[in-house]
Structure formats: structure tokens, C-alpha cells
$ cat protein_20.txt   # compact mmCIF, C-alpha atoms
# COMPACT_ATOMS: atom_id res chain seq x y z
CA MET A 1 196.80 -51.92 64.81
CA LYS A 2 194.79 -54.70 66.42
CA GLN A 3 192.05 -52.27 67.43
CA LYS A 4 191.89 -51.02 63.85
CA ALA A 5 191.47 -54.60 62.63
CA ILE A 6 188.72 -55.22 65.20
CA GLN A 7 186.88 -52.09 64.04
CA ILE A 8 186.80 -53.59 60.52
CA LEU A 9 186.29 -57.28 61.30
CA SER A 10 183.56 -56.97 63.92
CA PRO A 11 181.05 -55.16 61.64
CA LEU A 12 181.89 -57.54 58.76
CA VAL A 13 181.12 -60.61 60.88
CA GLY A 14 178.03 -58.82 62.15
CA ILE A 15 176.81 -58.39 58.57
CA VAL A 16 177.33 -62.12 57.93
CA PHE A 17 175.22 -62.95 60.99
CA LEU A 18 172.51 -60.48 59.96
CA VAL A 19 172.26 -61.77 56.39
CA SER A 20 172.19 -65.34 57.64
CA GLY A 21 169.52 -64.60 60.26
CA ILE A 22 167.33 -62.63 57.88
CA GLY A 23 167.60 -65.38 55.26
CA LYS A 24 166.41 -67.97 57.79
CA ALA A 25 163.62 -65.68 59.03
CA LEU A 26 162.19 -65.41 55.52
CA ILE A 27 161.67 -69.19 55.42
CA ALA A 28 161.50 -70.06 59.12
CA ASN A 29 159.08 -72.90 58.37
CA GLU A 30 161.54 -74.61 56.04
CA PHE A 31 164.45 -73.97 58.41
CA SER A 32 162.49 -75.55 61.27
CA GLN A 33 161.81 -78.61 59.14
CA SER A 34 165.53 -78.88 58.41
CA LEU A 35 166.18 -79.07 62.15
CA ALA A 36 163.70 -81.95 62.39
CA GLN A 37 165.97 -83.96 60.07
CA TYR A 38 168.17 -84.61 63.09
CA GLY A 39 165.67 -87.17 64.34
CA ILE A 40 163.85 -85.14 67.01
CA GLU A 41 160.70 -83.48 65.72
CA GLU A 42 160.64 -80.99 68.60
CA LEU A 43 163.94 -79.48 67.43
CA ARG A 44 161.95 -77.46 64.90
CA PHE A 45 160.74 -75.23 67.74
CA LEU A 46 164.33 -74.04 68.18
CA ALA A 47 164.18 -72.28 64.80
CA PRO A 48 162.90 -68.92 66.13
CA VAL A 49 165.41 -69.01 69.01
CA ILE A 50 168.32 -69.61 66.62
CA ILE A 51 167.16 -66.91 64.19
CA ILE A 52 166.59 -64.19 66.79
CA SER A 53 169.83 -65.06 68.62
CA GLU A 54 171.77 -64.79 65.37
CA ILE A 55 170.24 -61.38 64.63
CA ALA A 56 170.93 -60.11 68.16
CA LEU A 57 174.57 -61.24 67.99
CA GLY A 58 174.92 -59.73 64.53
CA LEU A 59 173.64 -56.37 65.71
CA ALA A 60 175.94 -56.40 68.74
CA LEU A 61 178.97 -57.20 66.57
CA PHE A 62 178.03 -54.64 63.93
CA PHE A 63 177.65 -51.80 66.45
CA GLY A 64 180.57 -52.96 68.63
CA ILE A 65 178.56 -53.51 71.81
CA TRP A 66 180.33 -55.48 74.58
CA GLN A 67 182.75 -56.82 71.98
CA LYS A 68 184.56 -59.29 74.23
CA ILE A 69 181.53 -61.14 75.55
CA MET A 70 179.56 -60.87 72.29
CA SER A 71 182.45 -62.22 70.23
CA PHE A 72 182.76 -65.12 72.68
CA LEU A 73 179.03 -65.90 72.51
CA SER A 74 179.15 -65.66 68.72
CA LEU A 75 182.12 -68.03 68.63
CA ILE A 76 180.18 -70.56 70.72
CA PHE A 77 177.13 -70.07 68.49
CA VAL A 78 179.05 -70.84 65.28
CA ALA A 79 180.94 -73.74 66.86
CA VAL A 80 177.80 -75.44 68.21
CA LEU A 81 175.94 -75.16 64.90
CA SER A 82 179.01 -76.39 63.00
CA LEU A 83 179.37 -79.44 65.27
CA ALA A 84 175.65 -80.20 64.96
CA TYR A 85 175.92 -80.01 61.16
CA LEU A 86 179.01 -82.25 61.20
CA TYR A 87 177.17 -84.77 63.39
CA GLY A 88 174.24 -84.76 60.98
CA GLN A 89 176.54 -85.32 58.02
CA LEU A 90 178.46 -88.19 59.64
CA PHE A 91 175.74 -90.08 61.52
CA ILE A 92 172.27 -89.09 60.28
CA ASP A 93 172.81 -88.41 56.58
CA VAL A 94 171.01 -85.06 56.65
CA THR A 95 170.69 -82.97 53.52
CA PRO A 96 174.16 -81.67 52.54
CA ASP A 97 172.81 -78.16 52.07
CA CYS A 98 173.21 -76.55 55.50
CA GLY A 99 170.66 -73.85 54.74
CA CYS A 100 172.85 -71.38 56.62
CA PHE A 101 171.57 -68.40 54.64
CA GLY A 102 168.00 -69.61 54.28
CA HIS A 103 166.15 -67.77 51.53
CA PHE A 104 169.42 -66.48 50.07
CA GLU A 105 170.08 -69.85 48.50
CA PHE A 106 172.89 -68.59 46.28
CA LEU A 107 174.98 -67.95 49.43
CA ASN A 108 174.66 -71.52 50.71
CA THR A 109 177.71 -73.66 50.01
CA PRO A 110 178.67 -77.35 49.81
CA PRO A 111 179.71 -78.97 53.12
CA LEU A 112 183.48 -78.51 52.68
CA LEU A 113 183.15 -74.78 51.98
CA THR A 114 180.66 -74.46 54.85
CA TYR A 115 183.20 -75.88 57.31
CA LEU A 116 185.94 -73.67 55.88
CA ARG A 117 183.78 -70.55 56.14
CA ASN A 118 182.82 -71.37 59.72
CA LEU A 119 186.45 -71.99 60.69
CA ILE A 120 187.35 -68.57 59.31
CA LEU A 121 184.49 -67.01 61.30
CA ILE A 122 185.62 -68.79 64.45
CA GLY A 123 189.19 -67.57 63.89
CA ILE A 124 188.05 -63.97 63.44
CA LEU A 125 185.78 -64.12 66.49
CA LEU A 126 188.61 -65.61 68.57
CA PHE A 127 190.87 -62.75 67.46
CA ILE A 128 188.22 -60.19 68.47
CA PHE A 129 187.70 -61.93 71.82
CA LEU A 130 191.40 -62.04 72.68
CA ASN A 131 192.15 -58.47 71.63
CA SER A 132 189.13 -56.49 72.82
CA ASP A 133 188.02 -55.27 76.22
CA ASN A 134 184.59 -55.70 77.74
CA SER A 135 183.81 -52.02 78.07
CA ARG A 136 180.26 -51.08 77.23
CA LYS A 137 180.10 -48.84 74.20
CA THR A 138 177.81 -45.86 74.50
CA ILE A 139 174.82 -46.43 72.21
CA ASP A 140 173.26 -43.35 70.69
CA LEU A 141 169.55 -43.00 70.02
CA SER A 142 169.79 -43.63 66.27
CA GLU A 143 171.58 -46.96 66.85
CA MET A 144 168.98 -48.02 69.39
CA ILE A 145 166.18 -47.22 66.94
CA VAL A 146 167.87 -49.16 64.14
CA MET A 147 168.45 -52.20 66.37
CA PHE A 148 164.90 -52.11 67.69
CA CYS A 149 163.42 -51.87 64.20
CA ILE A 150 165.55 -54.74 62.83
CA LEU A 151 164.82 -57.01 65.78
CA SER A 152 161.10 -56.23 65.66
CA ALA A 153 160.92 -56.85 61.91
CA VAL A 154 162.81 -60.14 62.17
CA CYS A 155 160.61 -61.32 65.06
CA PHE A 156 157.49 -60.53 63.03
CA VAL A 157 158.73 -62.23 59.85
CA THR A 158 159.96 -65.26 61.79
CA GLY A 159 156.62 -65.67 63.53
CA TYR A 160 154.71 -65.20 60.29
CA THR A 161 156.68 -67.78 58.29
CA PHE A 162 157.19 -70.20 61.19
CA ARG A 163 153.49 -70.58 62.01
CA GLU A 164 152.95 -72.74 58.93
CA ALA A 165 155.39 -75.30 60.32
CA THR A 166 153.60 -75.56 63.65
CA ARG A 167 150.30 -76.62 62.12
CA ASP A 168 149.55 -80.30 61.94
CA GLU A 169 146.67 -80.47 59.52
CA GLY A 170 147.66 -83.71 57.79
CA THR A 171 147.18 -84.12 54.06
CA GLN A 172 144.61 -81.74 52.61
CA PHE A 173 142.81 -82.27 49.31
CA ILE A 174 141.55 -78.93 48.00
CA THR A 175 139.15 -78.99 45.05
CA GLU A 176 137.36 -75.67 45.47
CA GLY A 177 138.36 -72.09 46.00
CA LYS A 178 141.35 -70.03 45.01
CA GLY A 179 143.98 -71.81 42.95
CA VAL A 180 141.92 -74.74 41.66
CA ASN A 181 139.74 -75.28 38.60
CA ILE A 182 141.95 -72.78 36.80
CA ASN A 183 143.80 -73.23 33.54
CA VAL A 184 147.53 -73.65 34.16
CA GLU A 185 148.25 -70.88 31.68
CA ASN A 186 146.53 -68.42 34.03
CA THR A 187 148.61 -69.37 37.07
CA VAL A 188 152.21 -68.94 38.24
CA LEU A 189 152.82 -72.58 37.27
CA SER A 190 152.93 -71.46 33.63
CA GLU A 191 156.31 -69.86 34.40
CA PHE A 192 157.73 -73.28 35.24
CA LEU A 193 156.40 -75.75 32.67
CA THR A 194 154.26 -76.33 29.60
CA LEU A 195 151.82 -79.24 29.79
CA SER A 196 149.94 -81.29 27.23
CA LYS A 197 146.19 -80.79 27.20
CA ASP A 198 145.40 -84.49 26.74
CA SER A 199 147.39 -85.82 29.73
CA THR A 200 147.12 -85.92 33.51
CA TYR A 201 149.95 -84.70 35.75
CA LEU A 202 151.01 -84.59 39.35
CA ILE A 203 153.18 -81.50 39.88
CA PHE A 204 155.18 -81.79 43.10
CA ALA A 205 156.73 -78.57 44.50
CA PHE A 206 159.35 -79.40 47.13
CA THR A 207 162.64 -78.50 48.73
CA TYR A 208 165.48 -80.87 49.59
CA GLY A 209 165.59 -79.74 53.22
CA CYS A 210 161.92 -80.38 53.98
CA PRO A 211 161.26 -83.67 55.87
CA HIS A 212 157.60 -83.71 54.79
CA CYS A 213 158.77 -83.50 51.18
CA ILE A 214 161.25 -86.34 51.70
CA ASN A 215 158.52 -88.48 53.28
CA SER A 216 156.46 -88.02 50.11
CA ILE A 217 159.02 -89.34 47.66
CA GLU A 218 158.28 -93.08 47.90
CA ASN A 219 154.59 -92.45 47.33
CA LEU A 220 155.39 -90.09 44.47
CA ARG A 221 157.40 -92.83 42.76
CA GLN A 222 154.25 -95.02 42.60
CA TYR A 223 151.98 -92.67 40.71
CA GLU A 224 153.07 -93.29 37.12
CA ARG A 225 153.53 -97.04 37.70
CA LEU A 226 150.03 -97.40 39.16
CA GLY A 227 148.48 -95.24 36.47
CA VAL A 228 147.29 -92.57 38.91
CA VAL A 229 148.58 -89.94 36.48
CA ASP A 230 150.26 -90.04 33.10
CA ARG A 231 153.30 -88.12 34.29
CA VAL A 232 154.93 -86.86 37.49
CA ILE A 233 157.00 -83.68 37.45
CA ALA A 234 158.81 -82.32 40.51
CA ILE A 235 159.90 -78.69 40.72
CA THR A 236 162.37 -77.22 43.18
CA HIS A 237 165.14 -74.62 43.43
CA TYR A 238 168.81 -74.85 42.53
CA VAL A 239 171.03 -76.50 45.15
CA ASP A 240 174.66 -77.50 45.24
CA PRO A 241 175.72 -80.70 43.42
CA ALA A 242 176.33 -82.54 46.71
CA THR A 243 172.68 -82.18 47.69
CA THR A 244 171.47 -83.36 44.30
CA LYS A 245 173.78 -86.37 44.45
CA TRP A 246 172.62 -87.21 47.99
CA PHE A 247 168.99 -87.11 46.89
CA GLU A 248 169.53 -89.29 43.81
CA GLU A 249 171.58 -91.88 45.69
CA ASN A 250 169.07 -92.20 48.53
CA PHE A 251 165.75 -91.97 46.68
CA ASN A 252 166.44 -92.98 43.08
CA PRO A 253 163.70 -90.73 41.62
CA ASN A 254 161.90 -92.14 38.58
CA PHE A 255 160.33 -88.79 37.70
CA GLN A 256 161.54 -85.57 36.14
CA ILE A 257 162.92 -82.89 38.45
CA LEU A 258 163.06 -79.29 37.22
CA SER A 259 165.17 -76.78 39.16
CA PHE A 260 164.78 -73.00 39.11
CA PRO A 261 166.46 -69.98 40.70
CA PRO A 262 165.29 -69.56 44.32
CA GLU A 263 163.90 -66.08 43.69
CA GLN A 264 161.66 -67.52 40.97
CA PHE A 265 160.74 -70.75 42.77
CA PHE A 266 159.64 -69.07 46.01
CA ARG A 267 157.20 -66.88 44.08
CA LEU A 268 155.14 -70.03 43.61
CA ILE A 269 154.70 -70.97 47.30
CA ASN A 270 156.46 -70.70 50.67
CA ARG A 271 154.95 -73.80 52.26
CA PHE A 272 156.04 -77.31 51.35
CA PRO A 273 155.20 -79.70 49.97
CA ILE A 274 152.41 -78.56 47.67
CA SER A 275 151.22 -80.76 44.83
CA TYR A 276 148.88 -80.09 41.93
CA TYR A 277 146.75 -82.63 40.10
CA VAL A 278 146.34 -81.34 36.55
CA ARG A 279 143.93 -82.72 33.95
CA ASN A 280 143.28 -81.24 30.50
CA ASN A 281 145.66 -78.42 31.42
CA VAL A 282 143.41 -77.43 34.36
CA ILE A 283 144.42 -77.61 38.03
CA LYS A 284 141.74 -79.90 39.44
CA MET A 285 143.19 -80.47 42.90
CA GLU A 286 145.77 -78.98 45.23
CA ILE A 287 147.31 -81.37 47.74
CA ARG A 288 148.92 -79.84 50.82
CA GLY A 289 151.21 -81.87 53.03
CA VAL A 290 152.71 -85.33 52.72
CA LEU A 291 151.54 -87.16 49.61
CA PRO A 292 149.32 -90.22 50.14
CA SER A 293 150.05 -93.61 48.60
CA GLY A 294 149.09 -94.15 44.99
CA TYR A 295 146.14 -96.31 46.02
CA LEU A 296 144.72 -93.65 48.37
CA LEU A 297 145.19 -90.82 45.91
CA ARG A 298 143.51 -92.81 43.14
CA ARG A 299 140.59 -93.55 45.45
CA GLU A 300 140.34 -89.87 46.38
CA LEU A 301 140.33 -88.83 42.73
CA ARG A 302 137.67 -91.40 41.83
CA SER A 303 135.44 -90.24 44.69
CA ILE A 304 135.57 -86.69 43.33
CA TYR A 305 135.65 -87.24 39.59
$ encode --input "protein_20.txt" --output "C-alpha cells"
Amino acid sequence: MKQKAIQILSPLVGIVFLVSGIGKALIANEFSQSLAQYGIEELRFLAPVIIISEIALGLALFFGIWQKIMSFLSLIFVAVLSLAYLYGQLFIDVTPDCGCFGHFEFLNTPPLLTYLRNLILIGILLFIFLNSDNSRKTIDLSEMIVMFCILSAVCFVTGYTFREATRDEGTQFITEGKGVNINVENTVLSEFLTLSKDSTYLIFAFTYGCPHCINSIENLRQYERLGVVDRVIAITHYVDPATTKWFEENFNPNFQILSFPPEQFFRLINRFPISYYVRNNVIKMEIRGVLPSGYLLRRELRSIY
């Protein structure tokens, strides 16, 4: 009976690990920035290690390879990440959204449900560990090919999306090339908002788990007051109410925030933050990276226009 349960539970937990790892791999840059919230910038370099480890454990659990040792390692993996998240919640005030499933935002849960889910996972993994042997399952060729393909694909995607987070290019003001000097109606931005032709705007695309985005907020709050633009609009993706409450309590935004489904929002960009200076319904400037102060942005705009 116990072996029958293990045959069902092990692949199910493996699927959870795989979905979670793939979701993080799709936005490895954002996940790495979430790790930096814990106060040590270098922690972001652990993102690829965490993602690939999660995928490897998920594959081992799904195919039932070395169940005893893999269930134990998976238990430690979940426990360590849960304790780190708890520490961040209690002592550092990190974003409530754990980002456990990365790009699959709809699967992320508020803190209480996150802890409950992880406790259930730990309980299942403990059951597998206590009731399985450490015999090595024979792996057939088709399983080896599947595992190799999944691991290779995840490594590639992780490297591709993570590389943006390892660049330190500072704030970039882009006024020429693709994406600028284009009418908003002819860009993806038109899916998110309708602007007045006789006003100036600063459109700020951000995520709640991005430290560079968070570092931009105080400067963003200056822009309307200093007359840099007529209106500031921030756009992001849906998050749980706890994250929204945390953001409002800590930053008291004085600008409009529009939220969209993740699958729609991430069609706009996958690197954050990105801001757009819009005048007469035309994107005149794209700003990549942390926003400058209102004074510096106004000076930059005057030097160009």
C-alpha cells in the first residue's frame, strides 16, 4: 500500500518541482533580483543554481530515481527555501509574493498558503523518504533522452533570461532606434492604456519583486510634483492582495498603477524596469534601469528637446 502511494506521490511532487523550476527559468533575471532583496546583492547569482537544482530534483522524483536520497534532498531544498522566505518576511520585509512559480504568476500564493503548501510538500517528501529504499532504478533510453532534453532546455532558457540581470549598464536614455519616435497606437503599449495627445507621460513598467524597480519609486513620485511630466502611470501584473498592501504601506504611491494578467504584461518586456517618456502620443524616450531624480530627468529631457 505504501509503495503504491509512493508511486503516485513521487511523480506528483516531481511535477510541482518541474513547473516551479520552469517558471523561474522563464524569468531568471527577475527571480535573481528577488534574491537580492535579502540584502546581499551577490545572492542573485544563486538563481541559476536554484533553478537547475529544482529541475534535476523534479526529474529524479518524477522518474523515481534513487527515491530515498532524492526525496531527502528535495525535503532539505524545500525546507531551506521556506526558512529563507520566513526570515525575509519577519526581518527584512521582502515582497510578500514568494515568486515560487516565477512566470506562472497565477500559481503564486499569499504567504500563509505558501507556508501551508510547503509543509504539505515536506510531509509528502518525508513519507517517501521513510518508506522507500535507495535502490537505483533502471533508466531506459527514452527516459534519459527526455531528462537530457528538459535539463538542456532549462539551462539554455535560464542562461538567456538571467544574462540581463548580470549586466550593470546603469540608467540608459534611448532616443533613437527601435521602439522610440513611434506613435503609441502602433506599439504594444496601446494594449495597456489610451493616452491624451496634448499631455506628457512617464509610463513605468515594473514588477513588485524587482529591487531596481523598488529603488525607482521615490524618484517616480517626484515627476508630477516637479512638472517633469503631466502624468505618471505605472503598469505591472496582477499579484496577491498582500503584496499590493505591502507596496502601498511602504511606498505610498501618488501615481496610478494599472495591473494586467501576467501573460499579457510579459508580452511588453521581460527586463525591468523600463520606462517610456511619451509626448503628443509619441514615445520620445525609453529609459532602461533605475529612474533618475526628477531634476536629472528634466535636465536630460531639456538637453535633448
$ residues_around --input "protein_20.txt" --residues "Thr194 of chain A" --least-positions-apart "4" --cutoff "9 Å" --atoms "all atoms listed in the file" --output "JSON, numbers by chain"
{"A": [184, 185, 189, 190]}
$ write_last_selection --input "protein_20.txt" --atoms "C-alpha atoms" --output "PDB file, keeping the file's coordinate frame"
ATOM      1  CA  VAL A 184     147.530 -73.650  34.160  1.00  0.00           C
ATOM      2  CA  GLU A 185     148.250 -70.880  31.680  1.00  0.00           C
ATOM      3  CA  LEU A 189     152.820 -72.580  37.270  1.00  0.00           C
ATOM      4  CA  SER A 190     152.930 -71.460  33.630  1.00  0.00           C
TER       5      SER A 190
END
$ closest_atom_pairs --input "protein_20.txt" --of "segment 192-294 of chain A" --to "segment 20-35 of chain A" --cutoff "9 Å" --atoms "only C-alpha atoms" --output "Markdown table"
| residue | atom | partner | partner_atom | distance |
| --- | --- | --- | --- | --- |
| A:Thr207 | CA | A:Glu30 | CA | 8.4 |
| A:Gly209 | CA | A:Ser34 | CA | 5.3 |
| A:Cys210 | CA | A:Gln33 | CA | 5.5 |
| A:Pro211 | CA | A:Gln33 | CA | 6.0 |
| A:His212 | CA | A:Gln33 | CA | 7.9 |
| A:Asn270 | CA | A:Ile27 | CA | 7.2 |
| A:Arg271 | CA | A:Asn29 | CA | 7.4 |
| A:Phe272 | CA | A:Glu30 | CA | 7.7 |
$ residues_around --input "protein_20.txt" --residues "segment 173-183 of chain A" --least-positions-apart "2" --cutoff "8 Å" --atoms "only C-alpha atoms" --output "number ranges by chain"
A: 171, 185-187, 281-288
$ residues_around --input "protein_20.txt" --residues "Pro48 of chain A" --least-positions-apart "4" --cutoff "9 Å" --atoms "all atoms listed in the file" --output "PyMOL selection string"
chain A and resi 25+28+32+44+52-53+155+158-159+162
$ write_last_selection --input "protein_20.txt" --atoms "C-alpha atoms" --output "short mmCIF file (atom, residue, chain, number, x, y, z; two decimals), in the frame of the given file"
data_model
loop_
_atom_site.label_atom_id
_atom_site.label_comp_id
_atom_site.auth_asym_id
_atom_site.auth_seq_id
_atom_site.Cartn_x
_atom_site.Cartn_y
_atom_site.Cartn_z
CA ALA A 25 163.62 -65.68 59.03
CA ALA A 28 161.50 -70.06 59.12
CA SER A 32 162.49 -75.55 61.27
CA ARG A 44 161.95 -77.46 64.90
CA ILE A 52 166.59 -64.19 66.79
CA SER A 53 169.83 -65.06 68.62
CA CYS A 155 160.61 -61.32 65.06
CA THR A 158 159.96 -65.26 61.79
CA GLY A 159 156.62 -65.67 63.53
CA PHE A 162 157.19 -70.20 61.19
#
$ closest_residue --input "protein_20.txt" --among "A:Ile233, A:Leu46, A:Leu61, A:Ala36" --to "Ile92 of chain A" --atoms "all atoms listed in the file"
A:Ala36
$ closest_residue --input "protein_20.txt" --among "A:Phe255, A:Phe72, A:Tyr201, A:Phe62" --to "Asn131 of chain A" --atoms "only C-alpha atoms"
A:Phe72
$ residues_around --input "protein_20.txt" --residues "segment 290-301 of chain A" --least-positions-apart "5" --cutoff "7 Å" --atoms "only C-alpha atoms" --output "number ranges by chain"
A: 171, 212-213, 215-216, 219, 222-223, 226, 228, 273
$ atom_distance --input "protein_20.txt" --atom1 "atom CA of Ile214 of chain A" --atom2 "atom CA of Asp240 of chain A"
17.3 Å
$ atom_distance --input "protein_20.txt" --atom1 "atom CA of Leu107 of chain A" --atom2 "atom CA of Ala205 of chain A"
21.7 Å
$ closest_residue --input "protein_20.txt" --among "A:Leu202, A:Leu9, A:Cys149, A:Val239" --to "Glu224 of chain A" --atoms "all atoms listed in the file"
A:Leu202
$ atom_distance --input "protein_20.txt" --atom1 "atom CA of Ile217 of chain A" --atom2 "atom CA of Ile235 of chain A"
12.7 Å
